[in-house]
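Peer 1: This is structure_33.txt, which holds compact mmCIF, C-alpha atoms and all ligand atoms:
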# COMPACT_ATOMS: atom_id res chain seq x y z
CA MET A 1 -21.73 84.91 40.60
CA VAL A 2 -22.63 88.51 39.91
CA SER A 3 -25.37 88.24 37.41
CA SER A 4 -26.70 86.06 34.64
CA ALA A 5 -24.52 85.98 31.53
CA THR A 6 -27.18 87.62 29.38
CA LEU A 7 -28.81 90.84 30.43
CA SER A 8 -31.55 92.55 28.50
CA PRO A 9 -31.26 96.15 27.32
CA ALA A 10 -34.25 96.78 29.60
CA ASP A 11 -32.02 95.96 32.61
CA PHE A 12 -29.53 98.59 31.55
CA ILE A 13 -32.18 101.15 30.68
CA ALA A 14 -33.94 100.64 34.02
CA ALA A 15 -30.63 101.15 35.83
CA LEU A 16 -29.97 104.37 33.88
CA GLY A 17 -33.33 105.82 34.97
CA GLU A 18 -33.76 109.46 33.97
CA HIS A 19 -30.43 109.35 32.09
CA ALA A 20 -31.54 106.59 29.70
CA ASP A 21 -32.67 109.03 26.99
CA ALA A 22 -29.16 110.45 26.69
CA PHE A 23 -27.80 107.13 25.41
CA ASP A 24 -28.36 104.96 22.36
CA LEU A 25 -27.63 101.63 24.03
CA ARG A 26 -27.01 98.36 22.22
CA ARG A 27 -26.12 95.01 23.77
CA VAL A 28 -24.63 91.99 22.03
CA ASP A 29 -24.10 88.50 23.41
CA ARG A 30 -20.52 88.44 22.22
CA CYS A 31 -18.06 90.22 19.98
CA ALA A 32 -14.31 90.33 19.54
CA SER A 33 -13.97 93.89 20.82
CA THR A 34 -16.67 96.45 21.58
CA ASN A 35 -14.31 99.21 20.39
CA SER A 36 -13.83 97.53 17.01
CA MET A 37 -17.51 96.69 16.61
CA LEU A 38 -18.65 100.20 17.46
CA VAL A 39 -16.20 101.66 14.93
CA GLU A 40 -17.46 99.27 12.26
CA HIS A 41 -21.11 100.17 12.90
CA ILE A 42 -21.21 103.82 13.89
CA PRO A 43 -24.85 104.82 14.32
CA ALA A 44 -26.21 107.97 12.68
CA ASP A 45 -25.97 111.02 14.90
CA GLY A 46 -29.32 111.16 16.65
CA GLY A 47 -28.09 113.45 19.42
CA ARG A 48 -27.62 110.56 21.85
CA ILE A 49 -24.37 108.94 22.95
CA PRO A 50 -24.00 105.53 21.26
CA VAL A 51 -22.98 102.77 23.69
CA LEU A 52 -22.22 99.15 22.86
CA VAL A 53 -22.00 96.61 25.69
CA ALA A 54 -21.06 92.96 25.23
CA ASP A 55 -21.81 90.10 27.60
CA HIS A 56 -18.72 88.38 26.33
CA GLN A 57 -15.74 90.02 24.66
CA THR A 58 -13.49 87.42 23.05
CA ALA A 59 -10.52 89.52 21.86
CA GLY A 60 -10.59 92.65 23.99
CA ARG A 61 -7.85 95.14 23.20
CA GLY A 62 -5.82 97.11 25.71
CA ARG A 63 -3.45 100.03 25.41
CA ARG A 64 -0.16 99.70 23.55
CA GLY A 65 -1.22 96.55 21.70
CA ARG A 66 -1.90 94.51 24.82
CA GLN A 67 -4.85 92.17 25.14
CA TRP A 68 -7.64 92.83 27.64
CA CYS A 69 -9.13 89.81 29.35
CA SER A 70 -12.73 89.71 30.46
CA TRP A 71 -15.07 87.06 31.79
CA PRO A 72 -18.75 86.89 30.79
CA GLU A 73 -20.10 87.12 34.33
CA GLY A 74 -17.17 88.76 36.04
CA SER A 75 -16.40 91.79 33.90
CA LEU A 76 -18.03 94.79 32.29
CA ALA A 77 -16.87 95.65 28.76
CA PHE A 78 -18.39 98.47 26.76
CA SER A 79 -17.57 101.31 24.39
CA ALA A 80 -19.12 104.74 23.97
CA LEU A 81 -18.80 107.09 21.02
CA TRP A 82 -18.05 110.73 21.75
CA ARG A 83 -18.50 113.22 18.92
CA PHE A 84 -16.44 116.39 19.12
CA ALA A 85 -18.41 119.56 18.56
CA ASP A 86 -16.93 122.44 16.57
CA GLY A 87 -14.30 124.24 18.62
CA ALA A 88 -14.00 121.35 21.09
CA PRO A 89 -10.88 121.22 23.24
CA ALA A 90 -7.90 119.24 21.93
CA PRO A 91 -8.58 115.54 22.49
CA ALA A 92 -5.46 114.97 24.63
CA GLY A 93 -7.28 115.51 27.94
CA LEU A 94 -10.23 113.32 26.96
CA SER A 95 -8.48 110.21 28.12
CA LEU A 96 -7.89 111.67 31.59
CA ALA A 97 -11.46 112.96 31.76
CA ALA A 98 -12.72 109.44 31.06
CA GLY A 99 -10.50 108.02 33.81
CA LEU A 100 -11.82 110.58 36.26
CA ALA A 101 -15.42 109.67 35.35
CA LEU A 102 -14.66 106.03 36.03
CA ALA A 103 -13.00 106.83 39.35
CA ARG A 104 -15.96 108.92 40.47
CA ALA A 105 -18.44 106.24 39.45
CA LEU A 106 -16.59 103.67 41.56
CA GLU A 107 -16.51 106.12 44.48
CA ASN A 108 -20.24 106.72 44.11
CA LEU A 109 -20.72 102.97 44.50
CA GLY A 110 -18.81 103.11 47.78
CA ALA A 111 -15.24 102.25 46.74
CA GLU A 112 -12.51 103.88 48.83
CA GLY A 113 -8.93 104.63 47.88
CA VAL A 114 -9.62 104.96 44.15
CA GLN A 115 -6.60 106.37 42.32
CA LEU A 116 -5.62 107.22 38.77
CA LYS A 117 -2.43 106.15 37.07
CA TRP A 118 -1.58 108.41 34.15
CA PRO A 119 -2.99 108.49 31.62
CA ASN A 120 -6.15 106.63 32.59
CA ASP A 121 -5.74 103.38 34.53
CA VAL A 122 -7.98 103.12 37.56
CA LEU A 123 -6.46 101.55 40.67
CA ILE A 124 -7.81 100.64 44.06
CA HIS A 125 -5.29 99.90 46.81
CA GLY A 126 -2.63 99.59 44.11
CA GLY A 127 -4.47 96.97 42.05
CA LYS A 128 -5.79 97.74 38.58
CA ILE A 129 -9.57 97.54 38.56
CA ALA A 130 -10.33 99.15 35.20
CA GLY A 131 -8.71 100.21 31.97
CA ILE A 132 -9.64 102.59 29.19
CA LEU A 133 -8.75 102.43 25.50
CA ILE A 134 -9.49 105.61 23.56
CA GLU A 135 -9.31 105.55 19.78
CA LEU A 136 -9.67 108.75 17.79
CA LEU A 137 -11.64 108.54 14.56
CA PRO A 138 -10.62 110.99 11.86
CA GLY A 139 -13.26 113.37 10.49
CA ARG A 140 -13.34 112.41 6.79
CA GLY A 141 -16.85 113.49 5.92
CA ARG A 142 -18.20 113.23 9.43
CA VAL A 143 -17.71 114.92 12.77
CA PRO A 144 -14.43 113.79 14.38
CA ALA A 145 -15.14 111.40 17.19
CA ALA A 146 -13.51 109.15 19.77
CA VAL A 147 -14.40 105.66 20.85
CA ILE A 148 -14.01 105.33 24.60
CA GLY A 149 -13.64 101.65 25.52
CA ILE A 150 -13.93 100.73 29.17
CA GLY A 151 -13.28 97.42 30.88
CA VAL A 152 -13.93 96.88 34.59
CA ASN A 153 -13.12 93.86 36.74
CA LEU A 154 -16.33 93.07 38.58
CA ARG A 155 -15.60 89.69 40.10
CA LEU A 156 -12.67 87.83 38.61
CA PRO A 157 -12.50 84.04 38.72
CA ALA A 158 -10.12 82.83 41.45
CA ASP A 159 -7.82 81.38 38.79
CA ALA A 160 -7.93 84.41 36.48
CA ALA A 161 -4.59 84.87 34.73
CA ILE A 162 -4.11 88.35 33.32
CA PRO A 163 -1.01 88.67 31.12
CA GLY A 164 1.06 91.77 31.69
CA GLN A 165 -0.77 92.90 34.83
CA SER A 166 1.20 92.72 38.04
CA ALA A 167 -1.53 93.69 40.49
CA VAL A 168 -5.23 93.47 39.78
CA THR A 169 -8.32 93.80 41.87
CA ASP A 170 -12.06 93.63 41.34
CA LEU A 171 -15.11 95.44 42.63
CA TYR A 172 -16.37 92.53 44.68
CA ARG A 173 -13.10 92.37 46.60
CA GLU A 174 -13.06 96.13 47.18
CA LEU A 175 -16.70 96.58 48.19
CA GLY A 176 -17.37 93.23 49.83
CA ARG A 177 -20.58 92.95 47.86
CA ASP A 178 -21.72 92.27 44.33
CA VAL A 179 -22.64 95.07 41.93
CA THR A 180 -24.65 94.08 38.87
CA ARG A 181 -23.40 95.03 35.42
CA PRO A 182 -26.45 97.25 34.73
CA ALA A 183 -25.88 99.15 37.98
CA LEU A 184 -22.17 99.60 37.25
CA LEU A 185 -22.74 100.61 33.65
CA ALA A 186 -25.36 103.17 34.73
CA ALA A 187 -23.04 104.62 37.39
CA ILE A 188 -20.22 105.00 34.85
CA LEU A 189 -22.36 106.43 32.05
CA ARG A 190 -23.87 109.05 34.37
CA GLU A 191 -20.42 110.32 35.34
CA LEU A 192 -19.05 110.00 31.82
CA ARG A 193 -21.84 112.13 30.39
CA HIS A 194 -21.41 114.74 33.12
CA LEU A 195 -17.62 114.98 32.86
CA LEU A 196 -17.51 114.91 29.07
CA ALA A 197 -19.96 117.82 29.03
CA THR A 198 -17.67 119.73 31.41
CA TYR A 199 -14.67 118.80 29.28
CA ALA A 200 -16.42 119.94 26.09
CA ALA A 201 -17.42 123.26 27.65
CA ALA A 202 -14.29 124.13 29.63
CA GLY A 203 -11.56 121.69 28.60
CA PHE A 204 -9.30 119.65 30.85
CA PRO A 205 -8.31 122.62 33.09
CA ALA A 206 -11.78 122.33 34.69
CA LEU A 207 -11.03 118.73 35.68
CA ARG A 208 -7.32 118.93 36.39
CA GLY A 209 -7.61 119.49 40.17
CA ALA A 210 -9.95 116.53 40.63
CA TRP A 211 -7.62 114.35 38.55
CA GLN A 212 -4.56 115.39 40.56
CA GLN A 213 -6.29 114.62 43.88
CA ARG A 214 -6.41 111.00 42.74
CA ASN A 215 -2.96 110.84 41.16
CA ALA A 216 -1.53 107.50 42.35
CA PHE A 217 2.05 108.64 41.77
CA ALA A 218 1.93 112.23 43.01
CA GLY A 219 5.36 113.28 44.25
CA LEU A 220 6.79 109.77 43.81
CA PRO A 221 9.85 108.65 41.87
CA VAL A 222 8.68 107.11 38.62
CA ARG A 223 10.03 105.65 35.42
CA ILE A 224 8.61 106.37 32.00
CA ASP A 225 9.21 103.89 29.20
CA GLY A 226 8.49 104.98 25.67
CA GLU A 227 9.28 103.35 22.35
CA ASN A 228 12.85 104.60 22.44
CA THR A 229 12.78 106.71 25.58
CA HIS A 230 13.40 105.80 29.20
CA LEU A 231 13.12 108.57 31.73
CA THR A 232 13.12 108.68 35.49
CA GLY A 233 12.12 111.49 37.76
CA LEU A 234 9.53 112.72 40.22
CA CYS A 235 5.91 112.75 39.14
CA VAL A 236 4.85 116.38 39.54
CA GLY A 237 1.31 116.00 38.16
CA VAL A 238 -0.41 116.84 34.89
CA ASP A 239 -0.70 120.09 33.01
CA ASP A 240 -3.74 121.78 31.45
CA ASP A 241 -3.45 119.60 28.35
CA GLY A 242 -3.32 116.36 30.34
CA ALA A 243 0.41 115.86 29.70
CA LEU A 244 2.35 114.24 32.53
CA LEU A 245 4.87 116.53 34.25
CA LEU A 246 8.08 114.78 35.17
CA ASP A 247 10.81 116.47 37.21
CA THR A 248 13.95 114.76 35.94
CA GLY A 249 16.26 116.82 38.15
CA ASP A 250 17.23 118.64 34.99
CA GLY A 251 13.96 120.53 34.62
CA VAL A 252 10.32 119.52 34.26
CA GLN A 253 9.50 117.58 31.10
CA ARG A 254 6.04 117.26 29.55
CA ILE A 255 5.20 113.70 28.60
CA LEU A 256 2.44 113.36 26.05
CA SER A 257 -0.09 110.57 26.08
CA GLY A 258 0.01 107.57 23.84
CA GLU A 259 3.52 106.20 23.59
CA LEU A 260 4.61 106.11 27.19
CA SER A 261 3.96 103.97 30.22
CA LEU A 262 4.40 104.86 33.83
CA ARG A 263 5.74 102.61 36.55
CA ALA A 264 6.83 103.09 40.11
CA ALA A 265 10.62 103.41 40.12
CA THR A 266 12.54 100.38 41.33
C1 LIG B 301 -5.92 99.04 29.09
O1 LIG B 301 -5.88 99.25 30.30
O2 LIG B 301 -4.97 98.55 28.47
C2 LIG B 301 -7.19 99.39 28.34
C3 LIG B 301 -8.22 98.30 28.42
C4 LIG B 301 -9.50 98.64 27.69
C5 LIG B 301 -10.45 97.47 27.61
C6 LIG B 301 -11.79 97.85 27.06
S1 LIG B 301 -12.98 96.56 27.27
C7 LIG B 301 -14.09 97.38 26.23
C8 LIG B 301 -13.30 98.01 25.11
N1 LIG B 301 -13.12 97.09 24.01
C9 LIG B 301 -11.85 96.72 23.85
O3 LIG B 301 -11.42 95.92 23.00
N2 LIG B 301 -11.08 97.35 24.75
C10 LIG B 301 -11.85 98.23 25.60
Represent the structure of the file as structure tokens.

Peer 2:
Amino acid sequence: MVSSATLSPADFIAALGEHADAFDLRRVDRCASTNSMLVEHIPADGGRIPVLVADHQTAGRGRRGRQWCSWPEGSLAFSALWRFADGAPAPAGLSLAAGLALARALENLGAEGVQLKWPNDVLIHGGKIAGILIELLPGRGRVPAAVIGIGVNLRLPADAAIPGQSAVTDLYRELGRDVTRPALLAAILRELRHLLATYAAAGFPALRGAWQQRNAFAGLPVRIDGENTHLTGLCVGVDDDGALLLDTGDGVQRILSGELSLRAAT
């Protein structure tokens, strides 16, 4: 297996090296959901990025009300809190910026063929390796913030059953070697910090080209399912706000994040 079930904060801090001071890192043995726990216990703003990592997440939450499965020694599950500064760009592109950070971190570890599925799933060779759940926290007496929850498949058990996921992969399968959770967390946090700083300073337009290079569905026929909407068309890309651009044959439509899912057309 990848690593022992319990890892000390010192393991994570050592892996972060010179970047450790930028993060206020907490680890718990287990919790229902790192997103929920971080929201319930938001640390005071000490200028560092709060991060909560759990060895075992028992009721992980995915997008659109789905569950997110993780395994104590085979997954990485953590959440980071991002506080919006005054005049920050609209949060819509944040989700895509986080996906790009995750993709780059996996590439830095040697993964090839990393792609992004709008708005922020990370795929390798068509299999989902990681997911992101972003939850915006309203201002009410404090700086508006977002919780960025990230789950990565490190080394799934052979009999892992993941409801609702057609194709999944893990880092061990893609790299042919184990990566420890501290090393993976450090790789992701480094990129996340870097890209969120770029996003805060220049907005999503500064990241749009890099996102589009990894667009898994670029130029392909796709189907978008919303609550009450079903659209098909060609995936053109994303715009400066991070909205998906869909050429329906009747013009290009902007699809906003949140309510819609994207699937290859059948
Ligand atoms: C998705 O692809 O549906 C998003 C999955 C997000 C899972 C992560 S694991 C850490 C954090 N805590 C949660 O409950 N969910 C996110």

Peer 1: Could the residues of region 20-106 of chain A that have an atom at most 10 Å from region 217-240 of chain A be listed as a tab-separated table, each with its closest atom pair and the distance in Å to one decimal, counting only C-alpha atoms and ordered by chain and ascending residue number?

Peer 2:
residue	atom	partner	partner_atom	distance
A:Ala92	CA	A:Asp240	CA	9.8
A:Gly93	CA	A:Asp240	CA	8.0
A:Leu96	CA	A:Val238	CA	9.7

Peer 1: Measuring atom to atom with all atoms listed in the file, identify which of A:Glu107, A:Pro89, A:Gly131, A:Ala243 is nearest to Tyr199 (chain A).

Peer 2: A:Pro89

Peer 1: Contacts of Gly203 (chain A) at 12 Å or less, counting only C-alpha atoms, minus same-chain residues fewer than 5 places along, as a PyMOL selection string?

Peer 2: chain A and resi 84+87-97+195-198+208+239-242

Peer 1: Taking all atoms listed in the file into account, which residues have an atom no farther than 7 Å from ligand LIG 301 (chain B)? I'd like them as a list in words.

Peer 2: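 Checked against 7 Å with all atoms listed in the file; the hits are Ser33, Thr34, Asn35, Ser36, Ala59, Gly60, Arg61, Gly62, Arg63, Arg64, Arg66, Trp68, Ala77, Phe78, Ser79, Asp121, Ala130, Gly131, Ile132, Leu133, Gly149, Ile150 and Gly151 of chain A.
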
Peer 1: Under the rule that all atoms listed in the file are counted, which of A:Lys117, A:His19, A:Lys128, A:Arg104 is the nearest residue to Arg190 (chain A)?

Peer 2: A:His19

Peer 1: Quick one, how far is CA of Glu135 (chain A) from CA of Ile148 (chain A)?

Peer 2: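 Interatomic distance here is 6.7 Å.
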
Peer 1: Measure the distance from CA of Pro138 (chain A) to CA of Phe204 (chain A) in Å and round it to one decimal.

Peer 2: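 Atom-to-atom, CA of Pro138 (chain A) and CA of Phe204 (chain A) are spaced 20.9 Å apart.
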
Peer 1: What is the CA of Arg193 (chain A) to CA of Ala167 (chain A) distance in Å?

Peer 2: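 About the pair CA of Arg193 (chain A) and CA of Ala167 (chain A): they are 29.2 Å apart.
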
Peer 1: Residues within 10 Å of region 39-55 of chain A, please, as a PyMOL selection string. Count all atoms listed in the file; anything in the same chain fewer than 3 positions from it doesn't count.

Peer 2: chain A and resi 4-7+9+12+20-36+58+70-83+135+137+142-143+146-150+181+185+189+193

Peer 1: Which residue, A:Leu106, A:Leu246, A:Val179, A:Leu100, has the smallest gap to Ala210 (chain A) when you use all atoms listed in the file?

Peer 2: A:Leu100

Peer 1: For Pro182 (chain A), find every residue with an atom within 7 Å (counting all atoms listed in the file), except residues of its own chain fewer than 2 positions away, and show them as JSON, numbers by chain.

Peer 2: {"A": [11, 12, 15, 180, 184, 185, 186]}
